[in-house]
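Source file: final_4.txt. Holds: compact mmCIF, C-alpha atoms.
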```txt
# COMPACT_ATOMS: atom_id res chain seq x y z
CA MET Z 1 -40.01 40.58 50.65
CA LYS Z 2 -38.53 43.33 48.46
CA ALA Z 3 -34.99 42.52 49.65
CA ILE Z 4 -34.86 39.19 47.83
CA PRO Z 5 -35.44 40.61 44.33
CA ARG Z 6 -32.89 43.39 44.98
CA ILE Z 7 -30.25 40.90 46.08
CA THR Z 8 -30.99 38.67 43.08
CA LEU Z 9 -30.81 41.67 40.78
CA PHE Z 10 -27.52 42.80 42.34
CA ILE Z 11 -25.96 39.34 41.96
CA ALA Z 12 -27.16 39.05 38.37
CA ALA Z 13 -25.72 42.48 37.53
CA LEU Z 14 -22.41 41.59 39.17
CA LEU Z 15 -22.14 38.33 37.23
CA LEU Z 16 -23.01 40.08 33.99
CA ALA Z 17 -20.39 42.77 34.56
CA GLN Z 18 -17.69 40.20 35.30
CA SER Z 19 -18.53 38.05 32.30
CA CYS Z 20 -18.28 41.04 29.95
CA GLY Z 21 -14.61 41.41 30.84
CA VAL Z 22 -13.78 38.23 28.95
CA TYR Z 23 -14.81 39.58 25.57
CA ASN Z 24 -13.02 42.03 23.36
CA PHE Z 25 -15.29 43.82 20.88
CA THR Z 26 -12.57 43.90 18.22
CA GLY Z 27 -12.17 40.13 18.26
CA GLY Z 28 -8.47 40.42 19.04
CA ASN Z 29 -6.87 37.68 21.11
CA VAL Z 30 -3.34 38.69 22.08
CA GLY Z 31 -2.90 35.83 24.54
CA ALA Z 32 0.04 36.54 26.84
CA ALA Z 33 1.64 38.97 24.37
CA GLU Z 34 2.43 42.45 25.65
CA THR Z 35 4.38 44.02 22.77
CA PHE Z 36 4.32 44.16 18.99
CA GLN Z 37 6.64 45.43 16.31
CA VAL Z 38 5.88 46.34 12.70
CA ASN Z 39 9.01 46.43 10.57
CA TYR Z 40 9.10 48.79 7.61
CA PHE Z 41 7.20 47.28 4.65
CA GLN Z 42 9.49 47.79 1.65
CA ASN Z 43 7.91 48.75 -1.67
CA TYR Z 44 8.83 46.09 -4.24
CA ALA Z 45 5.80 46.68 -6.46
CA THR Z 46 7.90 47.37 -9.55
CA GLN Z 47 9.17 43.79 -9.46
CA SER Z 48 5.68 42.64 -10.44
CA PRO Z 49 4.96 43.05 -14.18
CA GLY Z 50 2.48 45.83 -14.79
CA SER Z 51 2.91 47.37 -11.35
CA ILE Z 52 4.06 50.92 -10.76
CA PHE Z 53 5.98 52.54 -7.91
CA GLU Z 54 4.09 54.87 -5.58
CA PRO Z 55 6.48 56.96 -3.45
CA GLY Z 56 5.72 57.06 0.27
CA MET Z 57 3.24 54.20 0.19
CA ASP Z 58 5.62 51.93 2.12
CA ARG Z 59 5.75 54.39 5.04
CA ASP Z 60 1.99 55.03 4.92
CA PHE Z 61 1.15 51.32 4.96
CA THR Z 62 3.56 50.58 7.81
CA LEU Z 63 2.00 53.36 9.88
CA ALA Z 64 -1.54 52.18 9.03
CA LEU Z 65 -0.76 48.65 10.24
CA GLN Z 66 0.82 49.96 13.45
CA GLU Z 67 -2.23 52.12 14.08
CA ARG Z 68 -4.66 49.26 13.42
CA ILE Z 69 -2.96 46.97 15.95
CA ARG Z 70 -2.48 49.73 18.51
CA ASP Z 71 -6.15 50.80 18.22
CA GLN Z 72 -7.59 47.30 18.47
CA THR Z 73 -5.40 45.81 21.18
CA SER Z 74 -3.77 46.75 24.44
CA LEU Z 75 -0.32 45.84 23.08
CA ASP Z 76 2.59 48.24 23.34
CA LEU Z 77 4.39 49.21 20.12
CA VAL Z 78 8.16 48.71 20.25
CA ASN Z 79 10.59 49.65 17.50
CA SER Z 80 13.50 47.39 18.32
CA GLY Z 81 14.28 44.40 20.43
CA THR Z 82 12.30 41.25 20.80
CA ALA Z 83 8.61 42.05 20.57
CA ASP Z 84 6.18 39.25 21.37
CA LEU Z 85 4.49 39.74 17.99
CA LEU Z 86 6.36 40.76 14.85
CA TYR Z 87 4.95 41.87 11.49
CA GLU Z 88 7.11 42.37 8.41
CA GLY Z 89 6.72 42.17 4.67
CA GLU Z 90 6.66 43.91 1.33
CA ILE Z 91 4.28 45.74 -0.95
CA THR Z 92 4.33 43.45 -3.96
CA GLU Z 93 1.80 45.07 -6.29
CA TYR Z 94 0.43 48.51 -7.10
CA ARG Z 95 -1.53 48.25 -10.32
CA ILE Z 96 -4.10 50.28 -12.23
CA SER Z 97 -6.27 48.22 -14.57
CA PRO Z 98 -9.21 49.15 -16.80
CA MET Z 99 -12.35 47.39 -15.54
CA THR Z 100 -15.31 48.30 -17.75
CA ALA Z 101 -15.53 49.68 -21.25
CA THR Z 102 -17.83 52.12 -23.02
CA ALA Z 103 -19.51 51.45 -26.34
CA GLN Z 104 -16.51 53.15 -27.99
CA GLN Z 105 -14.23 50.58 -26.31
CA ASN Z 106 -12.69 53.14 -23.95
CA ALA Z 107 -12.22 52.44 -20.29
CA ALA Z 108 -15.19 53.62 -18.24
CA GLN Z 109 -13.79 52.53 -14.90
CA ASN Z 110 -10.32 51.81 -13.52
CA ARG Z 111 -9.28 49.68 -10.58
CA LEU Z 112 -6.36 50.41 -8.27
CA SER Z 113 -5.15 47.14 -6.73
CA ILE Z 114 -2.61 46.79 -3.95
CA ARG Z 115 -1.09 43.51 -2.74
CA VAL Z 116 0.96 43.16 0.42
CA LYS Z 117 2.93 40.12 1.53
CA CYS Z 118 3.02 39.86 5.32
CA ARG Z 119 4.99 37.58 7.60
CA PHE Z 120 3.69 37.32 11.14
CA TYR Z 121 5.71 35.82 13.97
CA ASN Z 122 4.27 35.09 17.39
CA ARG Z 123 7.27 34.45 19.61
CA LEU Z 124 5.05 33.10 22.39
CA GLU Z 125 3.00 30.73 20.23
CA GLU Z 126 5.10 29.90 17.17
CA ASP Z 127 2.39 27.79 15.50
CA LYS Z 128 0.25 30.94 15.05
CA GLY Z 129 2.67 32.59 12.60
CA PHE Z 130 2.06 32.88 8.85
CA ASP Z 131 3.50 34.09 5.56
CA GLN Z 132 0.59 35.28 3.44
CA SER Z 133 -0.43 37.82 0.81
CA PHE Z 134 -3.34 40.23 1.26
CA SER Z 135 -4.89 42.43 -1.39
CA PHE Z 136 -7.76 44.78 -2.01
CA PHE Z 137 -8.86 47.28 -4.66
CA TYR Z 138 -10.57 50.60 -5.26
CA ASP Z 139 -12.65 51.29 -8.39
CA TYR Z 140 -12.92 54.81 -9.80
CA PRO Z 141 -14.13 56.49 -13.02
CA ALA Z 142 -11.64 56.34 -15.88
CA ASN Z 143 -11.99 60.07 -16.54
CA VAL Z 144 -10.62 60.82 -13.04
CA GLN Z 145 -6.87 61.07 -12.50
CA LEU Z 146 -5.35 58.80 -9.86
CA ASN Z 147 -3.94 61.81 -7.97
CA ALA Z 148 -7.48 63.10 -7.42
CA ILE Z 149 -8.62 59.95 -5.58
CA LYS Z 150 -5.32 58.51 -4.32
CA THR Z 151 -5.70 59.56 -0.67
CA GLU Z 152 -9.21 58.13 -0.39
CA ALA Z 153 -8.27 55.00 -2.34
CA HIS Z 154 -5.26 54.31 -0.12
CA GLU Z 155 -7.36 54.79 3.03
CA VAL Z 156 -10.01 52.33 1.82
CA ILE Z 157 -7.47 49.76 0.66
CA PHE Z 158 -5.24 50.08 3.72
CA GLU Z 159 -8.24 49.79 6.04
CA ARG Z 160 -9.25 46.50 4.45
CA ILE Z 161 -5.76 45.00 4.17
CA THR Z 162 -4.72 45.97 7.71
CA GLN Z 163 -7.99 44.56 9.07
CA ASP Z 164 -7.40 41.32 7.15
CA ILE Z 165 -3.86 41.08 8.56
CA PHE Z 166 -5.18 41.81 12.05
CA ASN Z 167 -7.87 39.13 11.67
CA ALA Z 168 -5.39 36.55 10.37
CA SER Z 169 -2.95 37.21 13.21
CA LEU Z 170 -5.10 38.03 16.23
CA ALA Z 171 -8.79 37.39 15.62
CA ASP Z 172 -9.97 34.28 17.35
CA TRP Z 173 -13.25 33.68 15.58
```
Could you spell out this file's structure in structure tokens?
Amino acid sequence: MKAIPRITLFIAALLLAQSCGVYNFTGGNVGAAETFQVNYFQNYATQSPGSIFEPGMDRDFTLALQERIRDQTSLDLVNSGTADLLYEGEITEYRISPMTATAQQNAAQNRLSIRVKCRFYNRLEEDKGFDQSFSFFYDYPANVQLNAIKTEAHEVIFERITQDIFNASLADW
């Protein structure tokens, strides 16, 4: 009599284990793709009025996007050739703007905003490609110099923008 519940339990556990293999906790759906490539994101921020140039940000953003896709998928990163998935684009804005004012009409808080234009090509499913801009910001006290918070600000902004690009290109929800 005890054998029946054990068999039922074993079968239920087996079915549950197999069904879990279908889901990916990151939400990424790479389909039949096996490789991806992230071309260098050029920094064209100075072409946008009011934007400034931040040296090295182009390299840092490119690496952050590569890391995001590598960490959340099983895709292999390739640097040349014909990858199944291709990301390319430009940094189009890097702007510091005053956000709130004090009673003396001085800035109390500044906002660092970054905008990135990304083109995504899926060579296996061409209808899934896009050409889209993504942006995010980081607020900080006006009495703090940008250099003091730049590393943290870039991490926060890059995390959000790379996740948004990942979601737009590979999330299937």
Using all atoms listed in the file, what does the table of region 44-95 of chain Z residues within 12 Å of region 163-173 of chain Z look like, with each row giving the shortest atom pair and its distance in Å to one decimal, sorted by chain and ascending number, as CSV?
```
residue,atom,partner,partner_atom,distance
Z:Phe61,CA,Z:Ile165,CA,12.0
Z:Ala64,CA,Z:Gln163,CA,10.0
Z:Leu65,CA,Z:Phe166,CA,8.3
Z:Gln66,CA,Z:Phe166,CA,10.2
Z:Glu67,CA,Z:Gln163,CA,10.7
Z:Arg68,CA,Z:Gln163,CA,7.2
Z:Ile69,CA,Z:Phe166,CA,6.8
Z:Arg70,CA,Z:Phe166,CA,10.6
Z:Asp71,CA,Z:Phe166,CA,10.9
Z:Gln72,CA,Z:Phe166,CA,8.8
Z:Thr73,CA,Z:Leu170,CA,9.2
Z:Leu75,CA,Z:Leu170,CA,11.4
Z:Leu85,CA,Z:Ser169,CA,9.2
Z:Leu86,CA,Z:Ser169,CA,10.1
Z:Tyr87,CA,Z:Ile165,CA,9.3
Z:Glu88,CA,Z:Ile165,CA,11.0
Z:Gly89,CA,Z:Ile165,CA,11.3
```
request  = Tell me, in Å to one decimal, how far CA of Met57 (chain Z) is from CA of Leu77 (chain Z).
outcome  =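 Interatomic distance here is 20.6 Å.
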request  = Pick out the residues sitting within 8 Å of region 109-126 of chain Z, and hand them over as a VMD selection string; count all atoms listed in the file, and ignore anything fewer than 4 positions along from it in its own chain.
outcome  = chain Z and resid 32 to 33 83 to 101 130 to 143 153 157 161 165 169
request  = Using CA of Gly81 (chain Z) and CA of Asp58 (chain Z) as the two end points, give the distance in Å to one decimal.
outcome  =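 Answer for the CA of Gly81 (chain Z) to CA of Asp58 (chain Z) separation: 21.6 Å.
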key: Residue with smallest distance to Glu155 (chain Z) - pool Z:Val38, Z:Leu63, Z:Asp127, Z:Ala108, counting all atoms listed in the file   =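 Ranked by minimum distance to Glu155 (chain Z), first place goes to Z:Leu63.
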key: For CA of Phe36 (chain Z) and CA of Gly56 (chain Z), the interatomic separation in Å (one decimal)   = 22.8 Å
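Distance annotation: of Z:Asn29, Z:Ser80, Z:Gln42, Z:Gln47, the residue with the minimal separation from Asp60 (chain Z) is Z:Gln42; atom set is all atoms listed in the file.
Considering the residues Z:Glu54, Z:Thr46, Z:Gly31, Z:Phe41 and counting all atoms listed in the file, Thr151 (chain Z) has its shortest atom-to-atom contact with Z:Glu54.
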